[in-house]
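Source file upload_10.cif; content: mmCIF, C-alpha atoms.
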data_final
loop_
_atom_site.label_atom_id
_atom_site.label_comp_id
_atom_site.auth_asym_id
_atom_site.auth_seq_id
_atom_site.Cartn_x
_atom_site.Cartn_y
_atom_site.Cartn_z
CA MET A 1 25.37 -191.04 8.89
CA ARG A 2 26.67 -188.04 7.01
CA ARG A 3 24.97 -187.22 3.74
CA ASN A 4 24.44 -184.05 1.70
CA ARG A 5 23.35 -184.53 -1.87
CA THR A 6 22.64 -180.95 -2.93
CA LEU A 7 22.69 -181.01 -6.73
CA LEU A 8 24.17 -177.88 -8.28
CA ALA A 9 23.70 -176.76 -11.87
CA VAL A 10 25.25 -179.21 -14.33
CA ALA A 11 28.01 -177.87 -16.53
CA ALA A 12 26.55 -177.47 -19.99
CA ALA A 13 29.45 -179.21 -21.67
CA SER A 14 29.04 -182.25 -19.47
CA VAL A 15 25.36 -182.59 -20.25
CA LEU A 16 25.87 -182.04 -23.96
CA LEU A 17 28.50 -184.77 -23.93
CA LEU A 18 26.12 -187.11 -22.16
CA THR A 19 23.30 -186.38 -24.61
CA ALA A 20 25.55 -186.88 -27.61
CA ALA A 21 26.82 -190.14 -26.22
CA CYS A 22 23.40 -191.69 -25.81
CA GLY A 23 21.89 -193.81 -28.54
CA SER A 24 18.49 -195.51 -28.53
CA SER A 25 17.51 -197.03 -25.22
CA SER A 26 15.48 -199.93 -24.01
CA SER A 27 13.49 -200.06 -20.81
CA GLY A 28 15.17 -198.38 -17.88
CA SER A 29 12.63 -199.58 -15.35
CA LYS A 30 13.33 -200.14 -11.69
CA GLY A 31 14.00 -203.81 -12.33
CA GLY A 32 15.53 -204.08 -15.80
CA THR A 33 19.02 -204.10 -17.23
CA SER A 34 20.47 -200.95 -18.68
CA ALA A 35 20.10 -199.27 -21.99
CA SER A 36 20.53 -201.33 -25.13
CA GLY A 37 22.24 -199.20 -27.76
CA PHE A 38 23.55 -196.71 -25.19
CA LYS A 39 26.66 -195.43 -26.93
CA VAL A 40 29.72 -195.12 -24.73
CA PRO A 41 33.46 -194.90 -25.36
CA ASP A 42 35.20 -198.24 -25.82
CA ILE A 43 37.30 -198.41 -22.67
CA PRO A 44 39.16 -201.63 -21.90
CA MET A 45 38.38 -203.59 -18.74
CA GLN A 46 41.16 -204.60 -16.39
CA LYS A 47 42.11 -208.28 -16.78
CA GLU A 48 44.08 -208.93 -13.60
CA ILE A 49 45.15 -207.32 -10.35
CA GLY A 50 48.82 -206.78 -9.72
CA PRO A 51 50.66 -205.38 -6.68
CA GLY A 52 49.18 -202.29 -5.10
CA GLU A 53 50.62 -198.96 -6.20
CA GLY A 54 50.89 -197.61 -2.66
CA GLN A 55 47.87 -195.35 -2.56
CA VAL A 56 44.33 -194.83 -3.83
CA ASN A 57 42.57 -191.50 -4.31
CA LEU A 58 38.81 -191.53 -3.78
CA VAL A 59 35.84 -189.19 -4.20
CA ALA A 60 33.10 -190.22 -1.79
CA TRP A 61 30.03 -189.23 0.16
CA ALA A 62 30.79 -188.22 3.75
CA GLY A 63 30.61 -191.29 5.98
CA TYR A 64 31.65 -193.80 3.34
CA VAL A 65 35.41 -193.74 3.98
CA GLU A 66 36.00 -193.62 7.74
CA ASP A 67 39.48 -193.99 9.29
CA GLY A 68 38.63 -193.38 12.95
CA SER A 69 39.10 -189.62 12.84
CA THR A 70 35.35 -188.97 13.07
CA ASP A 71 34.89 -191.61 15.76
CA PRO A 72 37.53 -194.13 16.91
CA LYS A 73 34.91 -196.87 16.61
CA LEU A 74 34.38 -196.06 12.94
CA ASP A 75 37.41 -197.27 11.05
CA TRP A 76 37.39 -199.56 8.05
CA VAL A 77 40.30 -197.80 6.33
CA THR A 78 43.24 -198.60 8.64
CA GLU A 79 42.84 -202.36 8.26
CA PHE A 80 42.66 -201.99 4.48
CA GLU A 81 45.85 -199.92 4.43
CA LYS A 82 47.70 -202.47 6.55
CA GLU A 83 46.55 -205.43 4.45
CA THR A 84 47.17 -203.89 1.03
CA GLY A 85 49.80 -201.21 1.52
CA CYS A 86 47.45 -198.81 -0.27
CA GLN A 87 47.22 -195.47 1.54
CA VAL A 88 43.66 -194.12 1.27
CA ASN A 89 43.18 -190.46 0.36
CA VAL A 90 39.59 -189.22 0.17
CA LYS A 91 37.94 -186.08 -1.15
CA VAL A 92 34.47 -185.74 0.37
CA ALA A 93 31.98 -184.37 -2.16
CA GLY A 94 28.78 -182.56 -1.28
CA SER A 95 26.85 -183.27 -4.48
CA SER A 96 26.66 -185.58 -7.47
CA ASP A 97 27.63 -182.71 -9.74
CA GLU A 98 30.76 -182.09 -7.70
CA MET A 99 31.62 -185.77 -8.02
CA VAL A 100 31.27 -185.61 -11.80
CA SER A 101 33.47 -182.50 -11.98
CA LEU A 102 36.14 -184.03 -9.75
CA MET A 103 36.25 -187.26 -11.74
CA ARG A 104 36.71 -185.24 -14.94
CA THR A 105 40.07 -184.01 -13.63
CA GLY A 106 41.61 -187.48 -13.81
CA GLN A 107 43.12 -186.99 -10.36
CA TYR A 108 41.01 -189.65 -8.65
CA ASP A 109 40.98 -193.43 -8.94
CA GLY A 110 37.37 -194.02 -7.98
CA VAL A 111 34.07 -192.58 -6.81
CA SER A 112 30.98 -193.63 -4.85
CA ALA A 113 28.52 -192.33 -7.43
CA SER A 114 24.74 -192.18 -7.15
CA GLY A 115 22.40 -193.01 -9.99
CA ASP A 116 21.96 -189.37 -10.96
CA ALA A 117 25.69 -189.24 -11.80
CA THR A 118 26.63 -192.71 -13.03
CA LEU A 119 25.36 -192.45 -16.61
CA ARG A 120 27.04 -189.08 -17.02
CA LEU A 121 30.35 -190.61 -15.97
CA ILE A 122 29.87 -193.65 -18.20
CA ALA A 123 28.82 -191.69 -21.28
CA ALA A 124 31.69 -189.23 -20.96
CA GLY A 125 34.24 -192.04 -20.67
CA ASP A 126 35.27 -190.95 -17.18
CA VAL A 127 34.88 -194.46 -15.75
CA ALA A 128 35.83 -197.90 -17.01
CA PRO A 129 33.91 -201.19 -17.01
CA VAL A 130 34.61 -203.27 -13.91
CA ASN A 131 35.79 -206.86 -14.11
CA THR A 132 33.68 -208.32 -11.31
CA SER A 133 35.55 -211.64 -11.51
CA LEU A 134 38.44 -209.77 -9.86
CA ILE A 135 36.21 -208.77 -6.94
CA PRO A 136 35.39 -211.92 -4.90
CA ASN A 137 32.87 -210.19 -2.62
CA TYR A 138 30.76 -209.19 -5.62
CA ALA A 139 29.31 -212.70 -5.63
CA ASP A 140 27.53 -211.94 -2.35
CA VAL A 141 25.92 -208.68 -3.48
CA PHE A 142 22.12 -208.81 -3.51
CA ASP A 143 20.87 -209.69 -6.99
CA GLY A 144 18.45 -206.77 -6.74
CA LEU A 145 21.42 -204.40 -7.04
CA LYS A 146 23.17 -206.00 -10.00
CA ASN A 147 22.71 -205.25 -13.70
CA LYS A 148 20.62 -202.12 -13.18
CA PRO A 149 20.12 -199.13 -15.51
CA TRP A 150 22.39 -196.92 -13.41
CA ASN A 151 25.35 -199.35 -13.15
CA THR A 152 25.23 -201.51 -16.28
CA VAL A 153 25.28 -200.49 -19.96
CA ASN A 154 25.03 -202.90 -22.87
CA GLY A 155 25.79 -205.82 -20.60
CA LYS A 156 28.92 -204.21 -19.15
CA THR A 157 29.09 -203.60 -15.40
CA TYR A 158 30.51 -200.21 -14.44
CA GLY A 159 30.91 -200.62 -10.70
CA VAL A 160 30.09 -202.46 -7.51
CA PRO A 161 26.92 -201.63 -5.54
CA HIS A 162 27.51 -200.04 -2.14
CA GLY A 163 24.01 -199.82 -0.63
CA ARG A 164 20.48 -198.56 -1.23
CA GLY A 165 17.58 -196.72 0.33
CA ALA A 166 14.13 -195.35 -0.41
CA ASN A 167 12.89 -191.79 -0.24
CA LEU A 168 10.08 -192.08 2.31
CA LEU A 169 7.10 -190.06 3.46
CA MET A 170 7.70 -188.81 7.00
CA TRP A 171 5.30 -186.99 9.29
CA ARG A 172 4.81 -185.86 12.87
CA SER A 173 2.21 -188.19 14.32
CA ASP A 174 1.05 -185.57 16.85
CA VAL A 175 0.05 -183.18 14.05
CA VAL A 176 -0.67 -185.12 10.87
CA LYS A 177 -3.81 -187.19 11.38
CA PRO A 178 -4.87 -189.67 10.24
CA ALA A 179 -1.58 -191.33 9.36
CA PRO A 180 -1.06 -190.79 5.59
CA ASP A 181 -0.50 -193.67 3.19
CA SER A 182 -0.22 -191.59 0.02
CA TRP A 183 2.02 -188.86 -1.37
CA SER A 184 -1.14 -186.81 -1.90
CA VAL A 185 -0.50 -185.20 1.49
CA VAL A 186 2.50 -183.32 0.04
CA TRP A 187 0.97 -182.49 -3.35
CA ASP A 188 -2.42 -181.15 -2.24
CA ALA A 189 -2.63 -177.42 -3.00
CA ASN A 190 -5.20 -177.10 -0.21
CA SER A 191 -3.09 -178.96 2.33
CA PRO A 192 -3.98 -178.22 5.96
CA TYR A 193 -0.21 -178.36 6.56
CA LYS A 194 0.57 -175.47 4.23
CA GLY A 195 3.90 -173.90 5.06
CA LYS A 196 5.05 -176.97 6.97
CA VAL A 197 5.57 -179.34 4.05
CA THR A 198 9.16 -180.20 3.07
CA ALA A 199 10.59 -181.50 -0.20
CA TYR A 200 14.03 -182.65 -1.33
CA ASP A 201 16.07 -179.88 -2.94
CA SER A 202 17.34 -181.37 -6.20
CA PRO A 203 16.46 -181.51 -9.90
CA ILE A 204 16.06 -185.27 -9.46
CA TYR A 205 13.02 -184.51 -7.27
CA ILE A 206 11.12 -183.88 -10.51
CA ALA A 207 10.91 -187.68 -10.68
CA ASP A 208 8.88 -187.67 -7.44
CA ALA A 209 6.26 -185.51 -9.14
CA ALA A 210 6.32 -187.79 -12.19
CA LEU A 211 5.91 -190.86 -9.98
CA TYR A 212 2.81 -189.37 -8.36
CA LEU A 213 1.39 -188.51 -11.80
CA MET A 214 1.97 -192.09 -12.95
CA HIS A 215 -0.69 -193.12 -10.46
CA THR A 216 -3.03 -190.13 -10.45
CA LYS A 217 -3.01 -189.22 -14.15
CA PRO A 218 -2.46 -192.46 -16.07
CA GLU A 219 -3.62 -190.72 -19.25
CA LEU A 220 -0.19 -189.03 -19.38
CA GLY A 221 1.32 -192.42 -20.12
CA ILE A 222 4.33 -192.09 -17.82
CA LYS A 223 6.05 -195.47 -17.58
CA ASN A 224 9.31 -194.38 -15.99
CA PRO A 225 9.62 -191.23 -13.82
CA TYR A 226 13.06 -190.55 -15.30
CA ALA A 227 11.79 -190.73 -18.90
CA LEU A 228 9.54 -187.76 -19.58
CA ASP A 229 8.57 -186.28 -22.95
CA ASP A 230 7.53 -182.64 -23.33
CA LYS A 231 3.92 -183.12 -22.20
CA GLN A 232 4.80 -185.41 -19.28
CA PHE A 233 7.63 -183.14 -18.19
CA GLN A 234 5.42 -180.06 -18.23
CA ALA A 235 2.80 -181.86 -16.15
CA ALA A 236 5.45 -182.68 -13.55
CA ILE A 237 6.70 -179.08 -13.54
CA ASP A 238 3.16 -177.76 -13.13
CA LEU A 239 2.62 -180.07 -10.17
CA LEU A 240 5.87 -178.91 -8.58
CA LYS A 241 4.91 -175.27 -9.01
CA GLN A 242 1.60 -176.04 -7.33
CA GLN A 243 3.42 -177.80 -4.51
CA LYS A 244 5.68 -174.81 -3.97
CA THR A 245 2.69 -172.91 -2.54
CA VAL A 246 2.56 -175.30 0.42
CA VAL A 247 6.28 -176.04 0.89
CA GLY A 248 7.85 -174.30 3.85
CA GLU A 249 11.38 -175.50 3.18
CA TYR A 250 13.33 -177.50 0.61
CA TRP A 251 16.05 -179.57 2.25
CA SER A 252 19.42 -180.92 1.20
CA ASP A 253 21.17 -180.96 4.57
CA TYR A 254 19.56 -183.85 6.40
CA LEU A 255 20.67 -182.59 9.81
CA LYS A 256 18.68 -179.40 9.24
CA ALA A 257 15.74 -181.50 8.06
CA VAL A 258 15.85 -183.46 11.32
CA GLN A 259 15.84 -180.24 13.35
CA ALA A 260 12.90 -178.89 11.33
CA PHE A 261 10.83 -181.98 12.17
CA LYS A 262 11.99 -181.80 15.77
CA SER A 263 10.98 -178.14 16.16
CA GLY A 264 7.70 -178.63 14.32
CA SER A 265 8.47 -176.09 11.58
CA THR A 266 8.13 -179.10 9.28
CA VAL A 267 5.43 -181.71 9.90
CA VAL A 268 5.33 -183.77 6.68
CA GLY A 269 7.42 -184.45 3.61
CA THR A 270 10.10 -186.49 1.87
CA ALA A 271 12.80 -188.04 4.07
CA TRP A 272 15.19 -190.94 4.49
CA GLN A 273 14.86 -193.62 7.16
CA VAL A 274 18.01 -192.33 8.83
CA LEU A 275 16.29 -188.96 9.35
CA ALA A 276 13.44 -190.69 11.12
CA ASN A 277 15.82 -192.69 13.31
CA MET A 278 17.70 -189.56 14.33
CA ALA A 279 14.54 -187.51 14.90
CA GLN A 280 13.02 -190.26 17.06
CA LYS A 281 16.21 -190.50 19.14
CA GLU A 282 15.91 -186.76 19.76
CA GLY A 283 12.33 -187.14 20.93
CA ALA A 284 10.42 -186.08 17.83
CA PRO A 285 7.20 -188.08 17.31
CA VAL A 286 7.77 -188.96 13.64
CA GLN A 287 6.78 -191.95 11.54
CA THR A 288 7.61 -193.04 8.01
CA THR A 289 6.01 -195.12 5.30
CA LEU A 290 6.55 -196.20 1.74
CA PRO A 291 3.33 -194.75 0.24
CA LYS A 292 0.99 -196.80 -1.88
CA GLU A 293 2.27 -195.11 -5.04
CA GLY A 294 5.80 -196.35 -4.33
CA SER A 295 8.75 -193.96 -4.19
CA THR A 296 12.02 -192.86 -5.69
CA GLY A 297 15.26 -193.96 -4.07
CA TRP A 298 19.02 -194.14 -4.35
CA SER A 299 21.62 -196.83 -4.91
CA ASP A 300 25.31 -195.90 -4.83
CA THR A 301 28.01 -197.55 -6.93
CA TRP A 302 31.78 -197.61 -6.52
CA MET A 303 33.25 -196.89 -9.96
CA ILE A 304 36.86 -196.88 -11.21
CA SER A 305 38.25 -194.00 -13.22
CA SER A 306 39.24 -194.69 -16.81
CA LYS A 307 42.36 -192.65 -16.00
CA ALA A 308 43.11 -194.34 -12.66
CA LYS A 309 46.78 -194.06 -11.71
CA HIS A 310 46.34 -196.69 -8.99
CA PRO A 311 43.94 -199.22 -10.54
CA ASN A 312 45.15 -202.22 -8.52
CA CYS A 313 44.59 -200.40 -5.23
CA MET A 314 41.17 -199.29 -6.49
CA TYR A 315 40.14 -202.87 -7.26
CA LYS A 316 41.33 -203.90 -3.81
CA TRP A 317 39.27 -201.07 -2.30
CA MET A 318 36.13 -202.06 -4.17
CA ASN A 319 36.44 -205.60 -2.86
CA HIS A 320 37.11 -204.32 0.66
CA ILE A 321 34.23 -201.84 0.90
CA ILE A 322 31.65 -204.50 -0.02
CA SER A 323 33.13 -207.20 2.20
CA PRO A 324 30.58 -208.48 4.76
CA LYS A 325 32.00 -206.86 7.90
CA VAL A 326 32.93 -203.52 6.34
CA ASN A 327 29.71 -203.19 4.37
CA ALA A 328 27.78 -203.85 7.59
CA GLN A 329 29.73 -201.12 9.38
CA VAL A 330 29.31 -198.47 6.73
CA ALA A 331 25.64 -199.25 6.14
CA GLU A 332 24.88 -199.00 9.83
CA TRP A 333 26.82 -195.77 10.30
CA PHE A 334 25.45 -194.15 7.16
CA GLY A 335 21.88 -195.34 7.48
CA GLU A 336 21.14 -197.57 4.49
CA ALA A 337 20.59 -201.15 3.41
CA PRO A 338 23.93 -202.93 2.82
CA ALA A 339 24.80 -204.33 -0.58
CA ASN A 340 26.34 -207.56 0.70
CA LYS A 341 23.75 -210.14 1.76
CA LYS A 342 26.16 -211.55 4.39
CA SER A 343 26.39 -208.16 6.13
CA CYS A 344 22.99 -208.48 7.79
CA ALA A 345 24.33 -211.05 10.24
CA LEU A 346 27.18 -208.73 11.24
CA THR A 347 25.47 -205.43 12.12
CA SER A 348 25.65 -204.41 15.79
CA ASP A 349 21.93 -203.64 15.69
CA LYS A 350 20.39 -206.97 14.74
CA ASN A 351 17.29 -205.15 13.50
CA HIS A 352 19.22 -202.95 11.08
CA CYS A 353 18.48 -204.93 7.93
CA THR A 354 14.83 -205.26 8.92
CA ILE A 355 14.52 -201.51 9.48
CA PHE A 356 16.16 -200.74 6.13
CA HIS A 357 14.45 -203.63 4.26
CA ALA A 358 17.81 -204.98 3.07
CA GLU A 359 16.49 -208.46 2.28
CA ASP A 360 13.01 -207.40 1.14
CA GLU A 361 13.08 -207.33 -2.67
CA GLN A 362 9.31 -206.91 -2.79
CA TYR A 363 9.74 -203.66 -0.87
CA PHE A 364 12.42 -202.40 -3.26
CA SER A 365 10.36 -203.44 -6.27
CA LYS A 366 8.25 -200.37 -5.45
CA VAL A 367 11.27 -198.06 -5.51
CA TRP A 368 12.43 -196.26 -8.66
CA PHE A 369 16.13 -195.66 -8.04
CA TRP A 370 17.70 -192.43 -9.22
CA THR A 371 18.82 -192.69 -12.84
CA THR A 372 20.20 -189.86 -14.95
CA PRO A 373 17.51 -188.56 -17.35
CA VAL A 374 18.73 -188.62 -20.95
CA LYS A 375 17.30 -187.51 -24.29
CA ASP A 376 16.93 -191.08 -25.52
CA CYS A 377 14.06 -192.16 -23.29
CA LEU A 378 14.94 -194.82 -20.75
CA ASP A 379 11.60 -196.49 -21.49
CA GLY A 380 12.59 -197.15 -25.11
CA ARG A 381 10.60 -194.45 -26.94
CA GLY A 382 13.60 -192.94 -28.67
CA PRO A 383 15.09 -189.40 -28.56
CA LYS A 384 12.07 -187.51 -27.27
CA CYS A 385 12.68 -187.15 -23.52
CA LYS A 386 14.01 -184.24 -21.48
CA ASP A 387 17.64 -184.67 -20.44
CA TYR A 388 19.25 -183.70 -17.16
CA ALA A 389 20.14 -180.23 -18.46
CA ALA A 390 16.44 -179.52 -18.94
CA TRP A 391 15.66 -180.93 -15.49
CA THR A 392 18.27 -178.66 -13.91
CA GLN A 393 17.02 -175.58 -15.74
CA ALA A 394 13.43 -176.32 -14.77
CA TRP A 395 14.33 -176.91 -11.12
CA THR A 396 16.12 -173.55 -10.97
CA GLN A 397 12.98 -171.87 -12.31
CA ILE A 398 10.73 -173.71 -9.86
CA LYS A 399 12.86 -172.64 -6.92
CA GLY A 400 12.78 -169.12 -8.35
#
In structure tokens, how does this file's structure come out?
Amino acid sequence: MRRNRTLLAVAAASVLLLTAACGSSSSGSKGGTSASGFKVPDIPMQKEIGPGEGQVNLVAWAGYVEDGSTDPKLDWVTEFEKETGCQVNVKVAGSSDEMVSLMRTGQYDGVSASGDATLRLIAAGDVAPVNTSLIPNYADVFDGLKNKPWNTVNGKTYGVPHGRGANLLMWRSDVVKPAPDSWSVVWDANSPYKGKVTAYDSPIYIADAALYLMHTKPELGIKNPYALDDKQFQAAIDLLKQQKTVVGEYWSDYLKAVQAFKSGSTVVGTAWQVLANMAQKEGAPVQTTLPKEGSTGWSDTWMISSKAKHPNCMYKWMNHIISPKVNAQVAEWFGEAPANKKSCALTSDKNHCTIFHAEDEQYFSKVWFWTTPVKDCLDGRGPKCKDYAAWTQAWTQIKG
């Protein structure tokens, strides 16, 4: 359960490349396929898997590639190495931007990218389409994770889903009363919890403001929280500036967020289910909910580098990491819903998939998964939306 997704400033060249690479887009909604007309380099897809090359070099979130060194009970790497002869080398990244930068070097075979990085990697030609017919375990991945705007472009799949989770509303039940069912509790400028509200520290959090405005100011016409024109974007920024007056702390390190809820310096705000589980185990009286407006969320994808020096080992790794037993292990350790539908029967905690709503597509239908904002609006309106460079610049100004 090790995650730190602090998003640093995006390199201007990377964002410009992404913007230039994007053509007109169709709906990028939480349930649709990816952008029609999204222009990407023509990179060939691997046709077959040969013998392993002896090693595989990965960029991953902490907790995704465990070899027993963190905890002897947590090891899904050693078996893979014995079975394939592919030695696993991993570079743990602390942010999506770091992952993008590392993959640009061409030194890594694959990456466990989140939706706020995947389109950047695809548009820049840093990753190749994935031949899912070469990955037997892909057949058992939940349909709700396949062919999504952050992992599929023009009908081509660019990776295998790893897991998913929602950004939830969490509060201390001994302080926040009555129990909230709306995000309004974190956006109210006159909040009785002023100074003890927390928010996620990332440019992608702008989408949380946009999501709230979708429901409270329908006249803005926001259809997708990652597709904002000038007026919609400014409304989201204004709301975030208003929220800043009640925020006590922005968090990126989830361990610090847990301690803040435990100490009471934070009593309400955005969190992940794993934060709630940890806080409750440490005696903090916290609860979570998916508010009535829905929420944003994340879904990670294992992608193969277009410059992979060990492509056969990378394909073997992608099949391994989403195999039923391994996917159950990593999902349980990390704190997320597994991607493989067969994993739910193999978790040590038989309530894990219930807690993380792994099999509840109706639940996830209310979640707008992180997707890289691009100039060509993901809702199909053409080149009139703010791209990720603008989101990053605005977030820096908000934080001040």
- Task: Starting from the displayed file, determine the output of the PyMOL selection byres ((chain A and resi 396) around 12) and express the residue list as a list in words.
- Result: Leu7, Leu8, Ala9, Val10, Asp201, Ser202, Pro203, Ile204, Tyr205, Ile206, Ile237, Leu240, Lys241, Ala389, Ala390, Trp391, Thr392, Gln393, Ala394, Trp395, Gln397, Ile398, Lys399 and Gly400 of chain A
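Comparing the minimum interatomic distances between A:Thr216 and each of A:Asp300, A:Asp229, A:Glu293, A:Asp188, counting only C-alpha atoms, we find that A:Glu293 sits nearest.
Of the listed residues (A:Cys385, A:Ile43, A:Leu58, A:Val100), A:Cys385 comes nearest to A:Tyr226; the distances count all atoms listed in the file.
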So what does the PyMOL selection byres ((chain A and resi 118-130) around 9) actually pick up in this one, as a PDB file with C-alpha atoms, keeping the file's coordinate frame?
ATOM      1  CA  SER A  14      29.040-182.250 -19.470  1.00  0.00           C
ATOM      2  CA  VAL A  15      25.360-182.590 -20.250  1.00  0.00           C
ATOM      3  CA  LEU A  17      28.500-184.770 -23.930  1.00  0.00           C
ATOM      4  CA  LEU A  18      26.120-187.110 -22.160  1.00  0.00           C
ATOM      5  CA  THR A  19      23.300-186.380 -24.610  1.00  0.00           C
ATOM      6  CA  ALA A  20      25.550-186.880 -27.610  1.00  0.00           C
ATOM      7  CA  ALA A  21      26.820-190.140 -26.220  1.00  0.00           C
ATOM      8  CA  CYS A  22      23.400-191.690 -25.810  1.00  0.00           C
ATOM      9  CA  PHE A  38      23.550-196.710 -25.190  1.00  0.00           C
ATOM     10  CA  LYS A  39      26.660-195.430 -26.930  1.00  0.00           C
ATOM     11  CA  VAL A  40      29.720-195.120 -24.730  1.00  0.00           C
ATOM     12  CA  PRO A  41      33.460-194.900 -25.360  1.00  0.00           C
ATOM     13  CA  ASP A  42      35.200-198.240 -25.820  1.00  0.00           C
ATOM     14  CA  ILE A  43      37.300-198.410 -22.670  1.00  0.00           C
ATOM     15  CA  PRO A  44      39.160-201.630 -21.900  1.00  0.00           C
ATOM     16  CA  MET A  45      38.380-203.590 -18.740  1.00  0.00           C
ATOM     17  CA  GLN A  46      41.160-204.600 -16.390  1.00  0.00           C
ATOM     18  CA  VAL A 100      31.270-185.610 -11.800  1.00  0.00           C
ATOM     19  CA  MET A 103      36.250-187.260 -11.740  1.00  0.00           C
ATOM     20  CA  ARG A 104      36.710-185.240 -14.940  1.00  0.00           C
ATOM     21  CA  GLY A 106      41.610-187.480 -13.810  1.00  0.00           C
ATOM     22  CA  GLY A 110      37.370-194.020  -7.980  1.00  0.00           C
ATOM     23  CA  ALA A 113      28.520-192.330  -7.430  1.00  0.00           C
ATOM     24  CA  SER A 114      24.740-192.180  -7.150  1.00  0.00           C
ATOM     25  CA  GLY A 115      22.400-193.010  -9.990  1.00  0.00           C
ATOM     26  CA  ASP A 116      21.960-189.370 -10.960  1.00  0.00           C
ATOM     27  CA  ALA A 117      25.690-189.240 -11.800  1.00  0.00           C
ATOM     28  CA  ASN A 131      35.790-206.860 -14.110  1.00  0.00           C
ATOM     29  CA  THR A 132      33.680-208.320 -11.310  1.00  0.00           C
ATOM     30  CA  SER A 133      35.550-211.640 -11.510  1.00  0.00           C
ATOM     31  CA  LEU A 134      38.440-209.770  -9.860  1.00  0.00           C
ATOM     32  CA  PRO A 149      20.120-199.130 -15.510  1.00  0.00           C
ATOM     33  CA  TRP A 150      22.390-196.920 -13.410  1.00  0.00           C
ATOM     34  CA  ASN A 151      25.350-199.350 -13.150  1.00  0.00           C
ATOM     35  CA  THR A 152      25.230-201.510 -16.280  1.00  0.00           C
ATOM     36  CA  VAL A 153      25.280-200.490 -19.960  1.00  0.00           C
ATOM     37  CA  LYS A 156      28.920-204.210 -19.150  1.00  0.00           C
ATOM     38  CA  THR A 157      29.090-203.600 -15.400  1.00  0.00           C
ATOM     39  CA  TYR A 158      30.510-200.210 -14.440  1.00  0.00           C
ATOM     40  CA  GLY A 159      30.910-200.620 -10.700  1.00  0.00           C
ATOM     41  CA  VAL A 160      30.090-202.460  -7.510  1.00  0.00           C
ATOM     42  CA  ASP A 300      25.310-195.900  -4.830  1.00  0.00           C
ATOM     43  CA  THR A 301      28.010-197.550  -6.930  1.00  0.00           C
ATOM     44  CA  MET A 303      33.250-196.890  -9.960  1.00  0.00           C
ATOM     45  CA  ILE A 304      36.860-196.880 -11.210  1.00  0.00           C
ATOM     46  CA  SER A 305      38.250-194.000 -13.220  1.00  0.00           C
ATOM     47  CA  SER A 306      39.240-194.690 -16.810  1.00  0.00           C
ATOM     48  CA  LYS A 307      42.360-192.650 -16.000  1.00  0.00           C
ATOM     49  CA  ALA A 308      43.110-194.340 -12.660  1.00  0.00           C
ATOM     50  CA  TYR A 315      40.140-202.870  -7.260  1.00  0.00           C
ATOM     51  CA  THR A 371      18.820-192.690 -12.840  1.00  0.00           C
ATOM     52  CA  THR A 372      20.200-189.860 -14.950  1.00  0.00           C
ATOM     53  CA  PRO A 373      17.510-188.560 -17.350  1.00  0.00           C
ATOM     54  CA  VAL A 374      18.730-188.620 -20.950  1.00  0.00           C
TER      55      VAL A 374
END
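Taking all atoms listed in the file into account, A:Cys353 lies nearest to A:Gly165 out of the set A:Pro291, A:Gly283, A:Gly165, A:Pro225.
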Atom pair atom CA of A:Lys148 + atom CA of A:Ser101, distance 23.5 Å
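Pairwise distance (atom CA of A:Lys217, atom CA of A:Val176) equals 25.5 Å.
Interatomic distance, atom CA of A:Asn89 to atom CA of A:Asp140: 26.7 Å.
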